[in-house]
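To start, the structure under review is shown below, and the notes come after it.
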Amino acid sequence: MDRITSDLLANGSIMKSQVDRLIAKGLDTNLVLRDITISGFMTMDRLIRFIVDKIQSGEYDLSIIENYDYIQEKDVLVKLAQKLNIQFLDLDSIDMDYRLTEKISLAQLKKYNALPISEDDLSITIAFCDPFNIEAQESIQRLFTRKPIKIALATKKQIESYLFKVELKDSVKGLVKKIRDELNSIASIEEQQEASSILLLIDIILNACIKGRASDIHIEPTEKNCVVRTRIDGKLIEIFIFEKDIYPPLASRLKLLANLDIAEKRKPQDGRFSTLVNTKEYDFRISTLPILYGESIVIRVLDKQKALVKLEDAGMDSVSYHKFLKALQTPYGIILVTGPTGSGKTTTLYGALNELRNIEDKIITVEDPVEYRMNLIQQVQVNPKVGLTFAAALRSILRQDPDKIMIGEIRDSETLEIAIKAALTGHLVISTLHTNDSISAITRMIDMGVPPYLISGSLVSIQAQRLVRKICLNCKTEEKISSSTIEELGHLIPNNSKFYIGKGCKECNETGYIGREMICEVLVVNEKISSLIAKGASIEALHAQAKEDGFIGIFENGINKALNGVTSLEEILRVAK
């Protein structure tokens with residue numbers, strides 16, 4: 001049995017009968033404490049206070065919590081900081097002064113797991129992950145001779161993460177110095193924007209982001225710094241931090257690349273540019289937004305290969321794939337793809353267009369914006385400034401003799417009405433709608449003012465989808481699931497099921513995940529469902545009929561992906577529960 005559980009038993013904080021009952025159920029002895037906290041016999045708060053008291057008295061070392069993945073280091077350090085009357089810092093929520101890290105070698109900061117945070121007239125605040133490491137504190141103090149250091153606490157993971165950013169910052173230190181020298185030696189703004197070193201820095205940023213499989217690049221000015229973050233597998237990660245003086249030439253150069261007005265800093269702007277990265281051509285869509293300290297710049301990476309993705313390669317299971325493919329083969333009607341922002345709806349639409357495009361059919365799309373350019377397809381870019389809205393474009397499209405129409409998104413009742421009329425007059429229409437599941441898309445359409453009989457007559461199928469992160473194969477390991485979770489999901493989980501999780505390694509940047517895959521549900525609108533829609537049936541009645549017809553919900557589809565070891569149960573509960 002683990003040490004903390006033994007000590008809790010010894011002092012009477014938990015009862016031996018509770019422990020014996022859990023072990024009798026076949027639970028691993030090392031997971032007994034987790035189940036006791038989940039079931040509420042002992043709250044997590046009480047457990048953390050017990051651990052903090054033991055750490056303060058010297059009976060436990062702070063590293064003991066590394067053996068318990070369900071005890072958060074942050075929670076322990078917050079309580080410990082309160083006891084010791086020192087400050088706990090969440091490094092992600094502060095704008096630290098990176099100039100302080102230049103006064104001390106990175107090797108020494110790594111050795112002592114310390115990070116300089118800020119400086120005032122009286123002291124320099126240094127974050128440590130262990131407040132009892134007196135040797136580290138004395139060594140750091142000797143390096144800052146003019147002012148006393150003020151101890152703060154932060155998690156080991158955050159300190160290591162920020163030291164890695166300092167290391168990245170050091171790797172481009174020479175280039176940043178070259179940029180500053182160029183800017184100081186060049187007088188005119190036009191020449192500053194043409195400076196070759198700024199172009200080189202942009203190349204480094206694009207290279208690093210694409211190498212890391214980024215979908216978006218965020219360049220954001222703060223009060224003290226210029227931060228570059230990148231979205232990988234749906235999560236933002238900070239990769240570069242520069243001093244604030246690098247931001248203006250960097251922003252201006254990116255605007256020039258995208259043919260934007262560099263003098264306009266008060267209004268949002270949109271543009272796009274193409275460039276070679278590692279001998280491969282990429283399109284980039286750029287958006288600027290005025291914020292407190294300048295402009296937030298977001299660059300969407302548009303890999304042309306993604307436009308050519310096949311539906312079966314996007315992660316659709318074979319049952320859902322064949323249902324969706326059959327729907328695409330119908331001569332007319334409306335097919336909807338639903339889900340929240342960032343759930344891969346656009347990729348699915350392009351996958352559907354790949355299945356549909358041929359010489360014999362005229363296919364027209366209305367998009368805002370056109371993300372990927374495709375052969376054999378006429379693509380219309382929405383432009384509300386000149387009155388070219390989704391609805392206006394659709395009206396004109398119907399006079400262009402189309403066979404199939406793709407609408408990027410149905411945003412209003414007017415667009416929906418025209419789309420349904422197009423579907424009823426012999427066109428196949430595919431589009432997206434923002435709803436959480438497939439069946440609620442029907443009630444959303446009714447709420448938008450379309451009569452149920454029109455919906456029942458035009459709807460072919462609805463697919464709802466989400467994206468889940470895939471477990472890194474390099475650090476994949478079996479996961480022990482708590483008994484309460486198994487009881488809650490018992491009807492979906494067969495006996496002796498195994499689940500997996502990624503421990504975190506260099507391959508996956510310590511996240512435990514690499515890449516993403518779709519989980520989905522496909523509702524086929526057959527005669528019975530169509531009849532229920534026309535009668536204005538409730539969601540419950542529609543769901544019951546769909547289940548009778550073999551409908552598999554998105555959560556169940558996700559559980560099957562977790563059972564197959566593609567993703568973790570935690571990821572499914574986060575995304576689809």
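Going through the structure tokens in order, the chains are called A, B, and so on, while each chain numbers its residues from 1 and the ligands are numbered from 1 in the order shown.
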
- request: Pick out the residues sitting within 12 Å of Glu102 (chain A), and hand them over as a ChimeraX atom specification; count only C-alpha atoms, and ignore anything fewer than 2 positions along from it in its own chain.
  value: /A:97-100,104-109,115-117,143-144,163,166-167,169-170,173

Include N, CA, C and O atoms and write out the residues we just selected as a CSV table (one decimal), in the first residue's frame.
```
chain,number,residue,atom,x,y,z
A,97,ASP,N,8.9,39.8,-16.8
A,97,ASP,CA,10.0,40.6,-17.4
A,97,ASP,C,11.1,39.7,-17.8
A,97,ASP,O,11.9,39.2,-17.0
A,98,TYR,N,11.2,39.4,-19.2
A,98,TYR,CA,12.2,38.4,-19.7
A,98,TYR,C,13.6,39.0,-19.7
A,98,TYR,O,14.6,38.3,-19.8
A,99,ARG,N,13.7,40.3,-19.5
A,99,ARG,CA,15.1,40.9,-19.5
A,99,ARG,C,15.9,40.4,-18.2
A,99,ARG,O,17.1,40.4,-18.3
A,100,LEU,N,15.2,40.1,-17.2
A,100,LEU,CA,15.9,39.6,-16.0
A,100,LEU,C,16.6,38.3,-16.2
A,100,LEU,O,17.6,38.0,-15.6
A,104,ILE,N,21.4,36.2,-15.7
A,104,ILE,CA,21.8,35.0,-15.1
A,104,ILE,C,21.9,33.9,-16.1
A,104,ILE,O,21.1,33.9,-17.1
A,105,SER,N,22.8,32.9,-16.0
A,105,SER,CA,22.9,31.9,-17.1
A,105,SER,C,21.8,30.9,-17.0
A,105,SER,O,21.3,30.6,-15.9
A,106,LEU,N,21.4,30.5,-18.2
A,106,LEU,CA,20.3,29.5,-18.3
A,106,LEU,C,20.6,28.2,-17.6
A,106,LEU,O,19.7,27.6,-17.0
A,107,ALA,N,21.9,27.8,-17.6
A,107,ALA,CA,22.3,26.5,-17.0
A,107,ALA,C,22.0,26.6,-15.5
A,107,ALA,O,21.6,25.6,-14.9
A,108,GLN,N,22.3,27.7,-14.9
A,108,GLN,CA,22.1,27.9,-13.4
A,108,GLN,C,20.6,27.9,-13.1
A,108,GLN,O,20.2,27.3,-12.1
A,109,LEU,N,19.8,28.6,-13.9
A,109,LEU,CA,18.4,28.6,-13.7
A,109,LEU,C,17.8,27.2,-13.8
A,109,LEU,O,16.9,26.8,-13.0
A,115,LEU,N,13.1,30.8,-11.7
A,115,LEU,CA,12.8,31.7,-12.8
A,115,LEU,C,12.6,33.1,-12.3
A,115,LEU,O,11.7,33.4,-11.5
A,116,PRO,N,13.4,34.1,-12.7
A,116,PRO,CA,13.2,35.5,-12.3
A,116,PRO,C,11.9,36.0,-12.9
A,116,PRO,O,11.7,35.8,-14.1
A,117,ILE,N,11.1,36.7,-12.1
A,117,ILE,CA,9.8,37.1,-12.6
A,117,ILE,C,9.7,38.6,-12.8
A,117,ILE,O,9.3,39.1,-13.8
A,143,LEU,N,23.9,35.7,-7.2
A,143,LEU,CA,24.0,36.2,-8.5
A,143,LEU,C,23.3,37.6,-8.7
A,143,LEU,O,23.6,38.3,-9.6
A,144,PHE,N,22.4,37.9,-7.8
A,144,PHE,CA,21.8,39.2,-7.7
A,144,PHE,C,22.3,40.0,-6.5
A,144,PHE,O,21.7,39.9,-5.4
A,163,LEU,N,11.4,28.1,-18.8
A,163,LEU,CA,12.8,28.0,-19.1
A,163,LEU,C,13.1,27.6,-20.5
A,163,LEU,O,14.0,28.0,-21.1
A,166,VAL,N,12.7,30.5,-22.6
A,166,VAL,CA,13.9,31.4,-22.5
A,166,VAL,C,15.0,30.8,-23.4
A,166,VAL,O,15.7,31.6,-24.1
A,167,GLU,N,15.1,29.5,-23.4
A,167,GLU,CA,16.1,28.8,-24.3
A,167,GLU,C,15.8,29.1,-25.8
A,167,GLU,O,16.7,29.4,-26.5
A,169,LYS,N,14.2,31.7,-26.9
A,169,LYS,CA,14.5,33.1,-27.1
A,169,LYS,C,16.0,33.3,-27.3
A,169,LYS,O,16.4,34.1,-28.1
A,170,ASP,N,16.8,32.6,-26.5
A,170,ASP,CA,18.2,32.7,-26.7
A,170,ASP,C,18.7,32.2,-28.0
A,170,ASP,O,19.7,32.7,-28.6
A,173,LYS,N,18.6,35.0,-30.4
A,173,LYS,CA,19.1,36.2,-29.8
A,173,LYS,C,20.0,37.0,-30.8
A,173,LYS,O,19.8,38.2,-31.0
```

Those in region 306-518 of chain A with alpha helix (DSSP H) from DSSP, as a PyMOL selection string: chain A and resi 306-307+318-328+345-356+390-397+413-424+440-447+452-458+483-488

- prompt: For Ala327 (chain A), which residue among A:Val524, A:Lys404, A:Glu160, A:Met374 is the nearest when counting only C-alpha atoms?
  reply: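 Looking at the shortest contact to Ala327 (chain A), the residue is A:Val524.
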
message: Please compute the CA of Ser139 (chain A)-CA of Ile159 (chain A) distance, one decimal, in Å.
response: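 Computed distance, CA of Ser139 (chain A) to CA of Ile159 (chain A), equals 17.5 Å.
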
So that each row is one residue of region 383-487 of chain A with an atom at most 9 Å from region 23-41 of chain A, can you give its shortest atom pair and the distance in Å to one decimal, using only C-alpha atoms, rows by chain and rising number, as JSON lines?
```
{"residue": "A:Lys480", "atom": "CA", "partner": "A:Leu31", "partner_atom": "CA", "distance": 8.1}
{"residue": "A:Ser482", "atom": "CA", "partner": "A:Asp35", "partner_atom": "CA", "distance": 6.3}
{"residue": "A:Ser483", "atom": "CA", "partner": "A:Asp35", "partner_atom": "CA", "distance": 7.1}
{"residue": "A:Ser484", "atom": "CA", "partner": "A:Ser39", "partner_atom": "CA", "distance": 7.4}
```
